[in-house]
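J.: Sharing model_1.txt (compact mmCIF, C-alpha atoms and all ligand atoms) below.
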# COMPACT_ATOMS: atom_id res chain seq x y z
CA MET A 1240 85.93 -6.02 36.07
CA SER A 1241 87.35 -6.42 39.54
CA VAL A 1242 85.44 -5.89 42.74
CA LEU A 1243 86.55 -3.01 44.99
CA LEU A 1244 87.01 -3.41 48.75
CA ILE A 1245 86.70 -0.49 51.17
CA HIS A 1246 88.76 -1.24 54.27
CA SER A 1247 90.42 0.54 57.18
CA ASP A 1248 92.41 -0.83 60.11
CA ARG A 1249 90.64 1.79 62.26
CA PHE A 1250 87.49 -0.38 62.51
CA ALA A 1251 89.10 -2.22 65.45
CA GLU A 1252 89.05 1.02 67.49
CA HIS A 1253 85.32 0.80 68.26
CA GLN A 1254 85.40 -1.17 71.52
CA PRO A 1255 82.19 -2.24 73.25
CA PRO A 1256 82.65 -3.72 76.76
CA PRO A 1257 84.52 -7.06 77.08
CA GLY A 1258 82.33 -10.04 76.20
CA HIS A 1259 80.20 -8.10 73.72
CA PRO A 1260 79.65 -10.17 70.55
CA GLU A 1261 80.27 -7.20 68.22
CA ARG A 1262 83.91 -7.20 69.23
CA PRO A 1263 87.06 -5.62 67.75
CA GLU A 1264 88.34 -9.04 66.64
CA ARG A 1265 85.72 -8.85 63.88
CA ALA A 1266 87.76 -6.03 62.36
CA GLU A 1267 90.85 -8.24 62.47
CA VAL A 1268 88.91 -10.67 60.26
CA PHE A 1269 88.31 -7.79 57.84
CA ASP A 1270 92.08 -7.09 57.87
CA VAL A 1271 92.93 -10.70 57.03
CA VAL A 1272 90.25 -10.94 54.31
CA ALA A 1273 91.34 -7.64 52.74
CA ASP A 1274 94.98 -8.78 52.72
CA ARG A 1275 94.04 -12.04 51.06
CA TRP A 1276 92.16 -10.27 48.25
CA ARG A 1277 94.88 -7.63 47.89
CA GLN A 1278 97.31 -10.45 47.13
CA ARG A 1279 94.91 -11.61 44.40
CA GLY A 1280 95.09 -8.18 42.80
CA VAL A 1281 91.86 -6.67 44.16
CA GLU A 1282 91.96 -2.91 44.75
CA ILE A 1283 91.50 -1.85 48.38
CA VAL A 1284 90.78 1.76 49.33
CA ALA A 1285 90.44 3.50 52.69
CA PRO A 1286 87.11 5.19 53.43
CA ARG A 1287 86.47 8.85 54.01
CA THR A 1288 84.28 9.90 56.92
CA ALA A 1289 80.59 10.49 56.22
CA THR A 1290 79.53 14.13 56.35
CA ARG A 1291 76.77 15.53 58.54
CA GLU A 1292 74.81 16.29 55.36
CA GLN A 1293 75.03 12.66 54.19
CA LEU A 1294 73.92 11.34 57.59
CA ALA A 1295 71.10 13.89 57.91
CA ARG A 1296 69.30 12.38 54.91
CA VAL A 1297 68.30 9.42 57.12
CA HIS A 1298 68.90 10.57 60.73
CA ASP A 1299 67.36 13.41 62.75
CA ALA A 1300 69.56 16.40 63.61
CA ALA A 1301 69.07 15.96 67.36
CA TYR A 1302 70.16 12.32 67.11
CA LEU A 1303 73.28 13.26 65.11
CA GLN A 1304 74.12 15.83 67.77
CA MET A 1305 73.67 13.26 70.56
CA ILE A 1306 75.98 10.76 68.82
CA ALA A 1307 78.56 13.50 68.12
CA GLU A 1308 78.62 14.27 71.85
CA THR A 1309 79.80 10.71 72.57
CA ASN A 1310 83.10 11.59 70.86
CA GLY A 1311 85.89 10.67 73.29
CA ARG A 1312 83.50 8.99 75.74
CA SER A 1313 82.30 5.53 76.72
CA GLU A 1314 78.50 5.55 76.78
CA ARG A 1315 75.67 3.01 76.91
CA LEU A 1316 73.15 3.99 74.23
CA ASP A 1317 70.74 1.07 74.64
CA PRO A 1318 70.94 -2.32 76.40
CA ASP A 1319 73.09 -3.72 73.54
CA THR A 1320 74.76 -0.63 72.11
CA TYR A 1321 77.83 1.09 73.51
CA THR A 1322 80.44 3.62 72.51
CA SER A 1323 84.11 3.80 73.42
CA PRO A 1324 86.14 7.01 72.98
CA GLU A 1325 86.86 6.27 69.30
CA SER A 1326 83.40 4.99 68.34
CA TYR A 1327 82.10 8.26 66.95
CA GLU A 1328 84.97 8.56 64.48
CA VAL A 1329 84.82 4.86 63.59
CA ALA A 1330 81.05 5.01 63.00
CA LEU A 1331 81.57 8.00 60.68
CA LEU A 1332 84.09 5.89 58.75
CA ALA A 1333 81.63 2.97 58.53
CA ALA A 1334 78.91 5.17 57.03
CA GLY A 1335 81.53 6.91 54.88
CA ALA A 1336 82.76 3.57 53.52
CA ALA A 1337 79.22 2.75 52.38
CA VAL A 1338 78.98 6.18 50.72
CA ASP A 1339 82.38 5.74 49.03
CA ALA A 1340 81.39 2.31 47.71
CA VAL A 1341 78.24 3.80 46.19
CA GLU A 1342 80.18 6.66 44.58
CA ARG A 1343 82.71 4.27 42.98
CA VAL A 1344 79.99 2.05 41.61
CA MET A 1345 77.58 4.78 40.49
CA SER A 1346 80.44 6.53 38.64
CA GLY A 1347 81.22 3.34 36.73
CA ALA A 1348 84.74 3.10 38.18
CA HIS A 1349 83.81 -0.33 39.57
CA ARG A 1350 80.85 -2.58 38.97
CA GLY A 1351 80.80 -4.11 42.44
CA ALA A 1352 82.13 -3.05 45.85
CA VAL A 1353 82.20 -4.41 49.38
CA ALA A 1354 82.52 -2.13 52.42
CA LEU A 1355 84.08 -4.07 55.34
CA VAL A 1356 82.73 -2.06 58.26
CA ARG A 1357 81.79 -2.06 61.91
CA PRO A 1358 79.78 -1.03 63.84
CA PRO A 1359 76.92 -2.49 61.78
CA GLY A 1360 73.99 -0.30 60.82
CA HIS A 1361 70.64 -1.89 59.95
CA HIS A 1362 69.05 -1.66 63.42
CA ALA A 1363 69.80 2.08 63.75
CA GLU A 1364 66.57 4.06 63.50
CA ARG A 1365 66.20 7.65 62.34
CA SER A 1366 66.63 8.87 65.93
CA ARG A 1367 67.74 5.88 67.96
CA ALA A 1368 70.87 3.72 68.32
CA MET A 1369 69.95 0.06 68.66
CA GLY A 1370 71.26 -3.49 68.31
CA PHE A 1371 75.01 -2.60 68.15
CA CYS A 1372 74.27 0.05 65.45
CA LEU A 1373 74.94 3.82 65.58
CA TYR A 1374 74.41 5.08 62.02
CA ASN A 1375 72.38 3.15 59.49
CA ASN A 1376 75.23 2.66 57.00
CA VAL A 1377 73.22 1.03 54.22
CA ALA A 1378 70.43 3.62 54.52
CA VAL A 1379 72.97 6.43 54.26
CA ALA A 1380 74.33 4.68 51.16
CA ALA A 1381 70.88 4.33 49.58
CA ALA A 1382 70.05 7.99 50.21
CA HIS A 1383 73.41 8.97 48.71
CA ALA A 1384 72.75 6.91 45.59
CA ARG A 1385 69.40 8.66 45.18
CA MET A 1386 71.15 12.04 45.49
CA LEU A 1387 73.63 10.94 42.79
CA GLY A 1388 70.73 10.32 40.42
CA ALA A 1389 69.64 6.74 41.02
CA ARG A 1390 65.91 6.66 40.27
CA SER A 1391 65.43 3.60 42.43
CA VAL A 1392 67.54 1.58 44.84
CA ALA A 1393 66.94 -1.94 46.14
CA ILE A 1394 68.35 -3.10 49.48
CA VAL A 1395 68.54 -6.84 50.13
CA ASP A 1396 69.30 -7.67 53.78
CA PHE A 1397 70.28 -11.28 54.51
CA ASP A 1398 71.47 -10.70 58.10
CA VAL A 1399 69.80 -13.16 60.50
CA HIS A 1400 68.10 -10.20 62.21
CA HIS A 1401 65.43 -8.04 60.62
CA GLY A 1402 66.72 -4.59 59.65
CA ASN A 1403 64.09 -2.60 61.50
CA GLY A 1404 65.92 0.69 61.05
CA THR A 1405 66.32 0.37 57.30
CA GLN A 1406 62.70 -0.73 56.89
CA HIS A 1407 61.35 2.18 58.93
CA ILE A 1408 63.55 4.82 57.27
CA PHE A 1409 62.23 3.92 53.81
CA ASP A 1410 58.82 2.38 54.49
CA ALA A 1411 56.88 5.22 52.86
CA ASP A 1412 59.35 5.63 49.96
CA PRO A 1413 58.48 3.84 46.68
CA HIS A 1414 61.95 4.59 45.28
CA VAL A 1415 63.80 2.45 47.84
CA LEU A 1416 62.79 -1.22 47.97
CA TYR A 1417 63.69 -3.02 51.20
CA VAL A 1418 63.85 -6.84 51.09
CA SER A 1419 64.83 -8.88 54.15
CA THR A 1420 65.36 -12.55 54.97
CA HIS A 1421 65.59 -13.11 58.71
CA GLN A 1422 64.91 -15.51 61.55
CA PHE A 1423 61.40 -14.88 62.89
CA PRO A 1424 60.18 -14.55 65.54
CA TYR A 1425 63.46 -13.15 66.83
CA TYR A 1426 65.23 -9.90 67.74
CA PRO A 1427 64.19 -7.11 67.07
CA GLY A 1428 60.62 -8.40 66.71
CA THR A 1429 59.77 -6.66 63.44
CA GLY A 1430 59.77 -8.22 59.97
CA ALA A 1431 56.46 -10.11 59.74
CA ALA A 1432 55.40 -10.84 56.15
CA GLY A 1433 52.45 -8.47 56.55
CA GLU A 1434 54.78 -5.46 57.02
CA ILE A 1435 54.80 -4.20 53.43
CA GLY A 1436 55.30 -0.43 53.81
CA HIS A 1437 53.05 2.60 54.23
CA GLY A 1438 51.39 5.16 51.97
CA ALA A 1439 53.17 5.51 48.63
CA GLY A 1440 55.66 2.92 49.89
CA ARG A 1441 53.12 0.10 50.20
CA GLY A 1442 54.50 -2.97 48.43
CA PHE A 1443 58.08 -1.70 48.55
CA THR A 1444 58.89 -3.46 51.83
CA VAL A 1445 59.28 -7.22 51.34
CA ASN A 1446 59.76 -9.43 54.39
CA LEU A 1447 60.67 -13.12 54.24
CA PRO A 1448 60.46 -14.38 57.83
CA LEU A 1449 62.09 -17.79 58.39
CA GLU A 1450 61.62 -20.03 61.39
CA ALA A 1451 64.75 -21.07 63.33
CA GLY A 1452 66.49 -23.98 61.62
CA ALA A 1453 66.07 -22.77 58.05
CA VAL A 1454 68.72 -24.10 55.63
CA ALA A 1455 70.13 -23.22 52.21
CA GLU A 1456 67.18 -24.84 50.39
CA ASP A 1457 64.81 -22.49 52.24
CA PHE A 1458 66.82 -19.47 51.13
CA ARG A 1459 66.79 -20.79 47.59
CA ASP A 1460 62.99 -21.04 47.81
CA VAL A 1461 62.58 -17.43 48.99
CA PHE A 1462 65.07 -16.13 46.43
CA ASP A 1463 63.41 -17.96 43.52
CA GLY A 1464 59.85 -17.47 44.76
CA VAL A 1465 59.90 -13.83 45.85
CA ILE A 1466 63.21 -11.94 45.98
CA LEU A 1467 64.43 -12.40 42.40
CA PRO A 1468 60.99 -11.87 40.76
CA VAL A 1469 60.41 -8.68 42.79
CA LEU A 1470 63.89 -7.34 41.95
CA ARG A 1471 63.37 -8.01 38.23
CA GLN A 1472 60.03 -6.20 38.28
CA PHE A 1473 61.37 -3.29 40.38
CA GLU A 1474 64.39 -2.80 38.08
CA PRO A 1475 66.62 -0.86 40.50
CA ASP A 1476 69.41 1.44 39.31
CA LEU A 1477 71.61 0.09 42.13
CA LEU A 1478 71.45 -3.03 44.29
CA LEU A 1479 72.66 -2.68 47.88
CA VAL A 1480 73.23 -5.68 50.14
CA SER A 1481 73.07 -5.55 53.95
CA ALA A 1482 75.56 -8.38 54.23
CA GLY A 1483 75.26 -9.89 57.68
CA PHE A 1484 76.74 -13.34 58.19
CA ASP A 1485 75.00 -14.31 61.44
CA ALA A 1486 72.63 -16.67 59.59
CA HIS A 1487 75.66 -19.02 59.40
CA GLU A 1488 75.17 -22.37 61.18
CA ASP A 1489 78.12 -21.66 63.52
CA ASP A 1490 76.96 -18.20 64.57
CA PRO A 1491 76.50 -17.89 68.36
CA LEU A 1492 73.53 -15.49 68.06
CA GLY A 1493 71.47 -16.79 65.13
CA GLY A 1494 69.50 -20.01 64.80
CA LEU A 1495 69.59 -20.45 61.01
CA ARG A 1496 71.83 -22.99 59.31
CA LEU A 1497 73.60 -21.48 56.32
CA THR A 1498 77.15 -22.28 55.24
CA ALA A 1499 79.70 -19.95 53.66
CA GLN A 1500 78.78 -21.44 50.27
CA ALA A 1501 75.18 -20.32 50.75
CA PHE A 1502 76.32 -16.71 51.21
CA GLY A 1503 78.28 -17.07 47.98
CA ALA A 1504 75.18 -18.39 46.20
CA MET A 1505 72.95 -15.59 47.49
CA THR A 1506 75.50 -13.01 46.40
CA MET A 1507 75.88 -14.63 42.97
CA ALA A 1508 72.09 -14.65 42.53
CA LEU A 1509 72.01 -10.94 43.41
CA ARG A 1510 74.96 -10.16 41.14
CA ARG A 1511 73.22 -11.83 38.21
CA VAL A 1512 70.02 -9.88 38.75
CA ALA A 1513 72.10 -6.68 39.03
CA GLU A 1514 73.64 -7.52 35.66
CA GLU A 1515 70.15 -7.90 34.17
CA CYS A 1516 68.68 -4.77 35.78
CA CYS A 1517 71.34 -2.19 36.54
CA ARG A 1518 74.51 -2.84 34.56
CA GLY A 1519 75.85 -5.01 37.36
CA ARG A 1520 75.93 -2.22 39.94
CA ILE A 1521 76.04 -3.91 43.35
CA VAL A 1522 77.40 -2.74 46.72
CA ALA A 1523 77.58 -4.94 49.82
CA VAL A 1524 77.96 -3.38 53.27
CA THR A 1525 78.73 -5.70 56.19
CA GLU A 1526 76.30 -6.04 59.11
CA GLY A 1527 76.46 -8.89 61.71
CA GLY A 1528 78.39 -12.17 61.85
CA TYR A 1529 79.81 -13.18 65.23
CA ASP A 1530 81.71 -16.43 64.72
CA LEU A 1531 85.09 -15.28 63.46
CA HIS A 1532 85.83 -18.32 61.26
CA ALA A 1533 82.33 -18.28 59.77
CA LEU A 1534 82.63 -14.54 59.19
CA ALA A 1535 85.94 -14.94 57.32
CA ALA A 1536 84.73 -17.84 55.16
CA SER A 1537 81.38 -16.20 54.39
CA LEU A 1538 83.03 -12.90 53.48
CA ASP A 1539 85.44 -14.72 51.17
CA ALA A 1540 82.53 -16.48 49.47
CA THR A 1541 80.68 -13.18 49.09
CA ILE A 1542 83.67 -11.30 47.67
CA GLY A 1543 84.45 -14.28 45.44
CA ALA A 1544 80.95 -14.14 43.96
CA LEU A 1545 81.49 -10.49 43.01
CA HIS A 1546 85.06 -10.86 41.72
CA GLY A 1547 85.89 -11.58 38.11
CA PRO A 1548 83.43 -12.98 35.54
CA ALA A 1549 80.07 -14.17 36.90
CA GLY A 1550 80.27 -17.88 37.64
CA GLU A 1551 77.61 -20.55 37.82
CA LEU A 1552 74.90 -20.11 40.43
CA GLN A 1553 75.37 -23.13 42.68
CA TRP A 1554 73.25 -23.38 45.82
CA PRO A 1555 74.73 -25.80 48.35
CA ALA A 1556 72.52 -28.69 49.46
CA SER A 1557 72.01 -29.29 53.17
CA GLY A 1558 69.87 -32.33 52.36
CA ILE A 1559 67.36 -31.21 55.01
CA ALA A 1560 63.78 -30.76 53.82
CA SER A 1561 62.53 -28.12 56.23
CA GLY A 1562 59.63 -26.44 54.43
CA ARG A 1563 60.41 -23.16 56.18
CA GLY A 1564 61.19 -21.41 52.90
CA ALA A 1565 57.93 -22.54 51.32
CA ASP A 1566 56.01 -21.20 54.35
CA SER A 1567 57.78 -17.86 54.02
CA VAL A 1568 57.09 -17.65 50.28
CA ALA A 1569 53.39 -18.38 50.91
CA GLN A 1570 53.13 -15.65 53.57
CA ALA A 1571 54.99 -13.04 51.54
CA SER A 1572 53.09 -13.85 48.35
CA ALA A 1573 49.75 -13.48 50.14
CA ALA A 1574 50.83 -10.09 51.54
CA LEU A 1575 52.30 -8.75 48.30
CA ARG A 1576 50.13 -10.24 45.57
CA ALA A 1577 48.49 -6.89 44.83
CA TYR A 1578 51.89 -5.28 44.15
CA TRP A 1579 54.06 -7.88 42.38
CA ARG A 1580 53.54 -10.82 40.01
CA LEU A 1581 54.50 -13.74 42.26
ZN ZN B 1601 72.42 -9.57 62.82
How does this structure look as structure tokens?

T.:
Amino acid sequence: MSVLLIHSDRFAEHQPPPGHPERPERAEVFDVVADRWRQRGVEIVAPRTATREQLARVHDAAYLQMIAETNGRSERLDPDTYTSPESYEVALLAAGAAVDAVERVMSGAHRGAVALVRPPGHHAERSRAMGFCLYNNVAVAAAHARMLGARSVAIVDFDVHHGNGTQHIFDADPHVLYVSTHQFPYYPGTGAAGEIGHGAGRGFTVNLPLEAGAVAEDFRDVFDGVILPVLRQFEPDLLLVSAGFDAHEDDPLGGLRLTAQAFGAMTMALRRVAEECCRGRIVAVTEGGYDLHALAASLDATIGALHGPAGELQWPASGIASGRGADSVAQASAALRAYWRL
């Protein structure tokens, strides 16, 4: 079955100030990538806007009101996060695209979907814009899947930054598993291996911090050592991916050293576990990725891993023995041993 892409040329209309890394040209990459896959016969659909009800499952009412009041205005929401006059509408489309992808996949119309969106979402807290993010798109998607009847949802976030917002929104919820690989220590400062959730949600937050310089072999170690075993034991009804591409070696913000092929391998590993656990239901929602060529190549590899029959899982070899993955596996295993067989 073919993958579905959710795409709109309106994502270029969100315009932070000149020089901002989360720039409109990123949306032009989405346009080119969508065109390329359209020519290969992949279905592309335009998103609807997210509703206030859908957003209110993960954001406070006062926060939603504050963001709505930026409609038509250029505002600075935090030191990194800005609106332009169209940002409110574009952000509603980004969250709506994630919701639409979930609906298509949960209904069985498609097995896999990729929402090509900006602004990104995983830093957005329940009541705070942060780190280029207005609405937490993937959190809105997870909450929507739960409303549609998913008993449990797993979110795997391979953006180079820790998804503080997503973690905090679900950290007391045992029905939504949050798993993150990220450079650490690094922005936003959260994501230590000892952060494992609160209350009934203890054990359902899984952090794999990686020191700067980590390579594909390190990601393979954390996938094989922690991420895949936890996903198999959790048995989600839907697998969501916070697909940031700023862990690419050419990214100007991140200090990790992945290649486009590594993003393809991670996505293939996740697709295969989705086929074991949840009838292949997998939805990727874009997050960061600030080198335009790396973004295009990594997106192609990700979409390619979800398109057509599942291929071989082939991790690229950097040839660098860094040990950073083994350190991360040891820390996460120590923190989570009481909750998962690792
Ligand atoms: Zn990022």

J.: Quick one: residues within 7 Å of ligand ZN 1601 (chain B), with only C-alpha atoms and all ligand atoms, as a count of residues only?

T.: 8

J.: Report, in Å with one decimal, the straight-line distance from CA of Arg1563 in chain A to CA of Pro1427 in chain A.

T.: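 Going from CA of Arg1563 in chain A over to CA of Pro1427 in chain A, I get 19.8 Å.
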
J.: To one decimal in Å, tell me the separation between CA of His1546 in chain A and CA of Leu1243 in chain A.

T.: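 About the pair CA of His1546 in chain A and CA of Leu1243 in chain A: they are 8.6 Å apart.
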
J.: Any chance you could tabulate, as CSV, the residues of range 1433-1486 of chain A at most 12 Å from range 1536-1542 of chain A with each one's nearest atom pair and distance in Å to one decimal, using all atoms listed in the file, in chain and rising number order?

T.:
residue,atom,partner,partner_atom,distance
A:Val1480,CA,A:Thr1541,CA,10.6
A:Ser1481,CA,A:Thr1541,CA,11.8
A:Ala1482,CA,A:Thr1541,CA,8.7
A:Gly1483,CA,A:Leu1538,CA,9.3
A:Phe1484,CA,A:Ser1537,CA,6.6
A:Asp1485,CA,A:Ser1537,CA,9.7
A:Ala1486,CA,A:Ser1537,CA,10.2

J.: Quick one, how far is CA of Val1268 in chain A from CA of Thr1320 in chain A?

T.: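 Straight-line distance from CA of Val1268 in chain A to CA of Thr1320 in chain A works out to 21.0 Å.
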
J.: Could you check the closest approach to Arg1249 in chain A for each of A:Met1305, A:Ala1368, A:Leu1355, A:Val1281 and tell me which residue wins, using only C-alpha atoms?

T.: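 Between A:Met1305, A:Ala1368, A:Leu1355, A:Val1281, the residue approaching Arg1249 in chain A most closely is A:Leu1355.
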
J.: For His1298 in chain A, which residue among A:Arg1343, A:His1414, A:Arg1367, A:His1383 is the nearest when counting all atoms listed in the file?

T.: A:Arg1367

J.: Within 10 Å of Val1512 in chain A, counting all atoms listed in the file, which residues show up once you throw out same-chain ones fewer than 3 positions away? Write them as a PyMOL selection string, please.

T.: chain A and resi 1467-1468+1470-1471+1474-1475+1478+1506-1509+1515-1521

J.: Could you list, as a PyMOL selection string, every residue within 9 Å of range 1330-1334 of chain A, counting all atoms listed in the file and ignoring same-chain residues fewer than 4 positions away?

T.: chain A and resi 1247+1249-1250+1253+1286-1290+1293-1294+1325-1326+1338-1339+1354-1360+1372-1380
